[in-house]
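**Q** Structure incoming, see below.
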Amino acid sequence: MRSMTRVLGLAATTTALTALTALSGVAPADAAQTGAARLYAPSALVLTLVDGDDVEEGTVLRAVTLSCMPTATGTHPDPAGACTELRASNAAFDTLAATGSGAMCTREWRPLTVTADGIWEGTRVSFRHTFANRCALEHSSDAVFSF
């Protein structure tokens, strides 16, 4: 009886090791497929805020980086919000730069220019927009140009 218990124990251990070996043999293939399924087009932008309406002559007040793939990162103060906003608008920077209809801004001309340069989902992007003043800038996008 003792040898029968020992044989059954060895058989169970062998079966368990065989199952683990089989699973470990499958894991790298699964990992490769998961990695291949996660391929993405790059999305990395440099956003700048320039004092004035001429990017070449104006003073850069602030510049931030924004990368949205595979996760939202960068020096932008709200990378997750900015990436969400860009995805929702299909990266329509003109739409994001439009001042909200409820904005009550003065007609003061103190121009600020924002730029977005880089790659969005594999496509080269170069965007520039001049706001009449800080109020108009603050009443544009919720996150993308809030840096």
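Order determines the names: the first chain of the structure tokens is A, the second B, and so forth; residues in each chain are numbered 1 upward, and ligands are numbered 1 upward as they are shown.
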Residues at most 8 Å from stretch 75-77 of chain A, counting only C-alpha atoms, excluding those fewer than 5 positions away in the same chain, as a PyMOL selection string?
**A** chain A and resi 64-66+146-147
**Q** Would you write out those residues with N, CA and C atoms, as a PDB file, in the first residue's frame?
**A**
ATOM      1  N   VAL A  64       6.138  72.119 -23.525  1.00  0.00           N
ATOM      2  CA  VAL A  64       5.898  70.838 -22.853  1.00  0.00           C
ATOM      3  C   VAL A  64       5.899  69.727 -23.884  1.00  0.00           C
ATOM      4  N   THR A  65       6.121  68.516 -23.407  1.00  0.00           N
ATOM      5  CA  THR A  65       6.040  67.346 -24.274  1.00  0.00           C
ATOM      6  C   THR A  65       4.783  66.566 -23.918  1.00  0.00           C
ATOM      7  N   LEU A  66       4.262  65.868 -24.904  1.00  0.00           N
ATOM      8  CA  LEU A  66       3.065  65.053 -24.706  1.00  0.00           C
ATOM      9  C   LEU A  66       3.179  63.811 -25.573  1.00  0.00           C
ATOM     10  N   SER A 146      -3.683  73.939 -22.064  1.00  0.00           N
ATOM     11  CA  SER A 146      -3.613  74.405 -20.665  1.00  0.00           C
ATOM     12  C   SER A 146      -2.301  73.941 -20.036  1.00  0.00           C
ATOM     13  N   PHE A 147      -1.259  74.661 -20.350  1.00  0.00           N
ATOM     14  CA  PHE A 147       0.049  74.311 -19.764  1.00  0.00           C
ATOM     15  C   PHE A 147       0.851  75.542 -19.427  1.00  0.00           C
TER      16      PHE A 147
END
**Q** Taking only C-alpha atoms into account, which of A:Ala72, A:Ile119, A:Ala82, A:Val114 comes nearest A:Ala41?
**A**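 That would be A:Ile119, the residue with the smallest distance to A:Ala41.
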**Q** Pick the closest to A:Ala98 from A:Ser140, A:Thr115, A:Ser43, A:Thr48: which is it, counting only C-alpha atoms?
**A**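 So, comparing all the options, the nearest one is A:Ser140.
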**Q** Calculated over only C-alpha atoms, which of the candidates A:Ala136, A:Leu45, A:Ala88, A:Met104 has the smallest distance to A:Thr73?
**A**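 With only C-alpha atoms as the atom set, the closest residue is A:Leu45.
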**Q** Can you list every residue in stretch 19-134 of chain A that DSSP puts in strand (DSSP E or B), as a PDB file with N, CA and C atoms, in the first residue's frame?
**A**
ATOM      1  N   ALA A  44       3.650  61.638 -30.363  1.00  0.00           N
ATOM      2  CA  ALA A  44       4.512  62.423 -29.489  1.00  0.00           C
ATOM      3  C   ALA A  44       4.559  63.853 -30.023  1.00  0.00           C
ATOM      4  N   LEU A  45       4.208  64.799 -29.161  1.00  0.00           N
ATOM      5  CA  LEU A  45       4.127  66.197 -29.579  1.00  0.00           C
ATOM      6  C   LEU A  45       4.948  67.091 -28.653  1.00  0.00           C
ATOM      7  N   VAL A  46       5.398  68.203 -29.209  1.00  0.00           N
ATOM      8  CA  VAL A  46       5.970  69.279 -28.417  1.00  0.00           C
ATOM      9  C   VAL A  46       5.011  70.449 -28.572  1.00  0.00           C
ATOM     10  N   LEU A  47       4.481  70.920 -27.458  1.00  0.00           N
ATOM     11  CA  LEU A  47       3.547  72.047 -27.456  1.00  0.00           C
ATOM     12  C   LEU A  47       4.268  73.258 -26.871  1.00  0.00           C
ATOM     13  N   THR A  48       4.138  74.404 -27.529  1.00  0.00           N
ATOM     14  CA  THR A  48       4.780  75.611 -27.016  1.00  0.00           C
ATOM     15  C   THR A  48       3.775  76.744 -26.921  1.00  0.00           C
ATOM     16  N   LEU A  49       4.085  77.660 -26.029  1.00  0.00           N
ATOM     17  CA  LEU A  49       3.318  78.893 -25.874  1.00  0.00           C
ATOM     18  C   LEU A  49       4.294  80.035 -26.097  1.00  0.00           C
ATOM     19  N   VAL A  50       4.004  80.868 -27.105  1.00  0.00           N
ATOM     20  CA  VAL A  50       4.902  81.946 -27.502  1.00  0.00           C
ATOM     21  C   VAL A  50       4.224  83.285 -27.246  1.00  0.00           C
ATOM     22  N   ASP A  51       4.970  84.224 -26.675  1.00  0.00           N
ATOM     23  CA  ASP A  51       4.470  85.585 -26.464  1.00  0.00           C
ATOM     24  C   ASP A  51       4.558  86.319 -27.791  1.00  0.00           C
ATOM     25  N   THR A  59       8.914  85.316 -27.893  1.00  0.00           N
ATOM     26  CA  THR A  59       9.599  84.648 -26.797  1.00  0.00           C
ATOM     27  C   THR A  59       8.803  83.418 -26.380  1.00  0.00           C
ATOM     28  N   VAL A  60       9.475  82.285 -26.313  1.00  0.00           N
ATOM     29  CA  VAL A  60       8.813  81.057 -25.860  1.00  0.00           C
ATOM     30  C   VAL A  60       8.622  81.173 -24.346  1.00  0.00           C
ATOM     31  N   LEU A  61       7.356  81.187 -23.935  1.00  0.00           N
ATOM     32  CA  LEU A  61       7.034  81.288 -22.516  1.00  0.00           C
ATOM     33  C   LEU A  61       7.058  79.926 -21.829  1.00  0.00           C
ATOM     34  N   ARG A  62       6.655  78.915 -22.567  1.00  0.00           N
ATOM     35  CA  ARG A  62       6.592  77.570 -22.001  1.00  0.00           C
ATOM     36  C   ARG A  62       6.579  76.547 -23.131  1.00  0.00           C
ATOM     37  N   ALA A  63       7.191  75.409 -22.888  1.00  0.00           N
ATOM     38  CA  ALA A  63       7.170  74.295 -23.829  1.00  0.00           C
ATOM     39  C   ALA A  63       7.005  73.007 -23.022  1.00  0.00           C
ATOM     40  N   VAL A  64       6.138  72.119 -23.525  1.00  0.00           N
ATOM     41  CA  VAL A  64       5.898  70.838 -22.853  1.00  0.00           C
ATOM     42  C   VAL A  64       5.899  69.727 -23.884  1.00  0.00           C
ATOM     43  N   THR A  65       6.121  68.516 -23.407  1.00  0.00           N
ATOM     44  CA  THR A  65       6.040  67.346 -24.274  1.00  0.00           C
ATOM     45  C   THR A  65       4.783  66.566 -23.918  1.00  0.00           C
ATOM     46  N   LEU A  66       4.262  65.868 -24.904  1.00  0.00           N
ATOM     47  CA  LEU A  66       3.065  65.053 -24.706  1.00  0.00           C
ATOM     48  C   LEU A  66       3.179  63.811 -25.573  1.00  0.00           C
ATOM     49  N   SER A  67       3.125  62.656 -24.943  1.00  0.00           N
ATOM     50  CA  SER A  67       3.135  61.382 -25.648  1.00  0.00           C
ATOM     51  C   SER A  67       1.890  60.624 -25.224  1.00  0.00           C
ATOM     52  N   THR A  73       1.927  60.355 -21.227  1.00  0.00           N
ATOM     53  CA  THR A  73       3.066  60.807 -20.435  1.00  0.00           C
ATOM     54  C   THR A  73       3.583  62.119 -21.001  1.00  0.00           C
ATOM     55  N   LEU A 112      -0.929  85.678 -27.991  1.00  0.00           N
ATOM     56  CA  LEU A 112      -0.193  84.495 -27.551  1.00  0.00           C
ATOM     57  C   LEU A 112      -0.394  83.436 -28.627  1.00  0.00           C
ATOM     58  N   THR A 113       0.685  82.794 -29.007  1.00  0.00           N
ATOM     59  CA  THR A 113       0.615  81.776 -30.058  1.00  0.00           C
ATOM     60  C   THR A 113       0.957  80.417 -29.463  1.00  0.00           C
ATOM     61  N   VAL A 114       0.140  79.422 -29.791  1.00  0.00           N
ATOM     62  CA  VAL A 114       0.434  78.049 -29.399  1.00  0.00           C
ATOM     63  C   VAL A 114       0.863  77.275 -30.633  1.00  0.00           C
ATOM     64  N   THR A 115       1.763  76.345 -30.429  1.00  0.00           N
ATOM     65  CA  THR A 115       2.201  75.471 -31.513  1.00  0.00           C
ATOM     66  C   THR A 115       2.126  74.022 -31.046  1.00  0.00           C
ATOM     67  N   ALA A 116       1.921  73.141 -31.981  1.00  0.00           N
ATOM     68  CA  ALA A 116       1.974  71.698 -31.739  1.00  0.00           C
ATOM     69  C   ALA A 116       2.758  71.095 -32.888  1.00  0.00           C
ATOM     70  N   ASP A 117       3.904  70.527 -32.580  1.00  0.00           N
ATOM     71  CA  ASP A 117       4.753  69.919 -33.602  1.00  0.00           C
ATOM     72  C   ASP A 117       5.125  68.511 -33.168  1.00  0.00           C
ATOM     73  N   GLY A 118       5.101  67.589 -34.107  1.00  0.00           N
ATOM     74  CA  GLY A 118       5.487  66.220 -33.812  1.00  0.00           C
ATOM     75  C   GLY A 118       4.730  65.225 -34.659  1.00  0.00           C
ATOM     76  N   ILE A 119       4.387  64.099 -34.033  1.00  0.00           N
ATOM     77  CA  ILE A 119       3.709  62.996 -34.706  1.00  0.00           C
ATOM     78  C   ILE A 119       2.431  62.679 -33.948  1.00  0.00           C
ATOM     79  N   TRP A 120       1.314  62.592 -34.648  1.00  0.00           N
ATOM     80  CA  TRP A 120       0.067  62.138 -34.038  1.00  0.00           C
ATOM     81  C   TRP A 120      -0.413  60.905 -34.787  1.00  0.00           C
ATOM     82  N   THR A 123       1.237  60.306 -38.098  1.00  0.00           N
ATOM     83  CA  THR A 123       1.182  61.379 -39.095  1.00  0.00           C
ATOM     84  C   THR A 123       1.862  62.628 -38.551  1.00  0.00           C
ATOM     85  N   ARG A 124       2.690  63.247 -39.377  1.00  0.00           N
ATOM     86  CA  ARG A 124       3.390  64.482 -38.999  1.00  0.00           C
ATOM     87  C   ARG A 124       2.394  65.601 -38.768  1.00  0.00           C
ATOM     88  N   VAL A 125       2.585  66.346 -37.669  1.00  0.00           N
ATOM     89  CA  VAL A 125       1.690  67.444 -37.305  1.00  0.00           C
ATOM     90  C   VAL A 125       2.514  68.712 -37.107  1.00  0.00           C
ATOM     91  N   SER A 126       2.037  69.825 -37.656  1.00  0.00           N
ATOM     92  CA  SER A 126       2.631  71.126 -37.421  1.00  0.00           C
ATOM     93  C   SER A 126       1.485  72.131 -37.381  1.00  0.00           C
ATOM     94  N   PHE A 127       1.150  72.605 -36.181  1.00  0.00           N
ATOM     95  CA  PHE A 127      -0.007  73.477 -35.984  1.00  0.00           C
ATOM     96  C   PHE A 127       0.430  74.749 -35.281  1.00  0.00           C
ATOM     97  N   ARG A 128      -0.135  75.882 -35.702  1.00  0.00           N
ATOM     98  CA  ARG A 128       0.091  77.171 -35.053  1.00  0.00           C
ATOM     99  C   ARG A 128      -1.228  77.927 -35.003  1.00  0.00           C
ATOM    100  N   HIS A 129      -1.465  78.541 -33.850  1.00  0.00           N
ATOM    101  CA  HIS A 129      -2.665  79.358 -33.712  1.00  0.00           C
ATOM    102  C   HIS A 129      -2.360  80.520 -32.772  1.00  0.00           C
ATOM    103  N   THR A 130      -2.804  81.709 -33.174  1.00  0.00           N
ATOM    104  CA  THR A 130      -2.590  82.893 -32.353  1.00  0.00           C
ATOM    105  C   THR A 130      -3.905  83.303 -31.709  1.00  0.00           C
ATOM    106  N   PHE A 131      -3.884  83.448 -30.397  1.00  0.00           N
ATOM    107  CA  PHE A 131      -5.024  83.929 -29.623  1.00  0.00           C
ATOM    108  C   PHE A 131      -4.840  85.421 -29.391  1.00  0.00           C
TER     109      PHE A 131
END
**Q** So, counting only C-alpha atoms, which residue among A:Glu85, A:Ala97, A:Ala143, A:Pro111 is closest to A:Gly58?
**A** A:Pro111
**Q** So what do you get for atom CA of A:Gly74 versus atom CA of A:Val144, distance-wise?
**A**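 About the pair atom CA of A:Gly74 and atom CA of A:Val144: they are 12.3 Å apart.
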**Q** What parts of stretch 42-101 of chain A does DSSP call helix (DSSP H, G or I)? I'd like the answer as a PyMOL selection string.
**A** chain A and resi 79-88+93-97
**Q** Leaving out A:Thr106 and any residue of its chain fewer than 4 positions from it, which residues lie within 10 Å of it when counting only C-alpha atoms, given as a PyMOL selection string?
**A** chain A and resi 132-136
**Q** Go ahead and save the picked residues with N, CA and C atoms, as a PDB file, in the first residue's frame.
**A**
ATOM      1  N   ALA A 132      -5.937  86.162 -29.362  1.00  0.00           N
ATOM      2  CA  ALA A 132      -5.864  87.608 -29.172  1.00  0.00           C
ATOM      3  C   ALA A 132      -5.272  87.973 -27.813  1.00  0.00           C
ATOM      4  N   ASN A 133      -5.571  87.179 -26.811  1.00  0.00           N
ATOM      5  CA  ASN A 133      -5.063  87.454 -25.460  1.00  0.00           C
ATOM      6  C   ASN A 133      -5.180  86.186 -24.608  1.00  0.00           C
ATOM      7  N   ARG A 134      -4.724  86.261 -23.364  1.00  0.00           N
ATOM      8  CA  ARG A 134      -4.735  85.095 -22.482  1.00  0.00           C
ATOM      9  C   ARG A 134      -6.155  84.589 -22.220  1.00  0.00           C
ATOM     10  N   CYS A 135      -7.121  85.469 -22.121  1.00  0.00           N
ATOM     11  CA  CYS A 135      -8.506  85.061 -21.882  1.00  0.00           C
ATOM     12  C   CYS A 135      -8.996  84.139 -23.008  1.00  0.00           C
ATOM     13  N   ALA A 136      -8.721  84.520 -24.242  1.00  0.00           N
ATOM     14  CA  ALA A 136      -9.141  83.683 -25.379  1.00  0.00           C
ATOM     15  C   ALA A 136      -8.455  82.321 -25.326  1.00  0.00           C
TER      16      ALA A 136
END
**Q** Please compute the atom CA of A:Cys68-atom CA of A:Pro42 distance, one decimal, in Å.
**A**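 One can read the atom CA of A:Cys68 to atom CA of A:Pro42 distance as 7.9 Å.
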**Q** Hey, can you check how far atom CA of A:Glu121 sits from atom CA of A:Phe93?
**A**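 Rounded to one decimal, the two atoms are 14.0 Å apart.
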**Q** Considering only C-alpha atoms, state which residue in the set A:His139, A:Thr99, A:Gly122, A:Arg110 is at the smallest distance from A:Asp53.
**A** A:Arg110
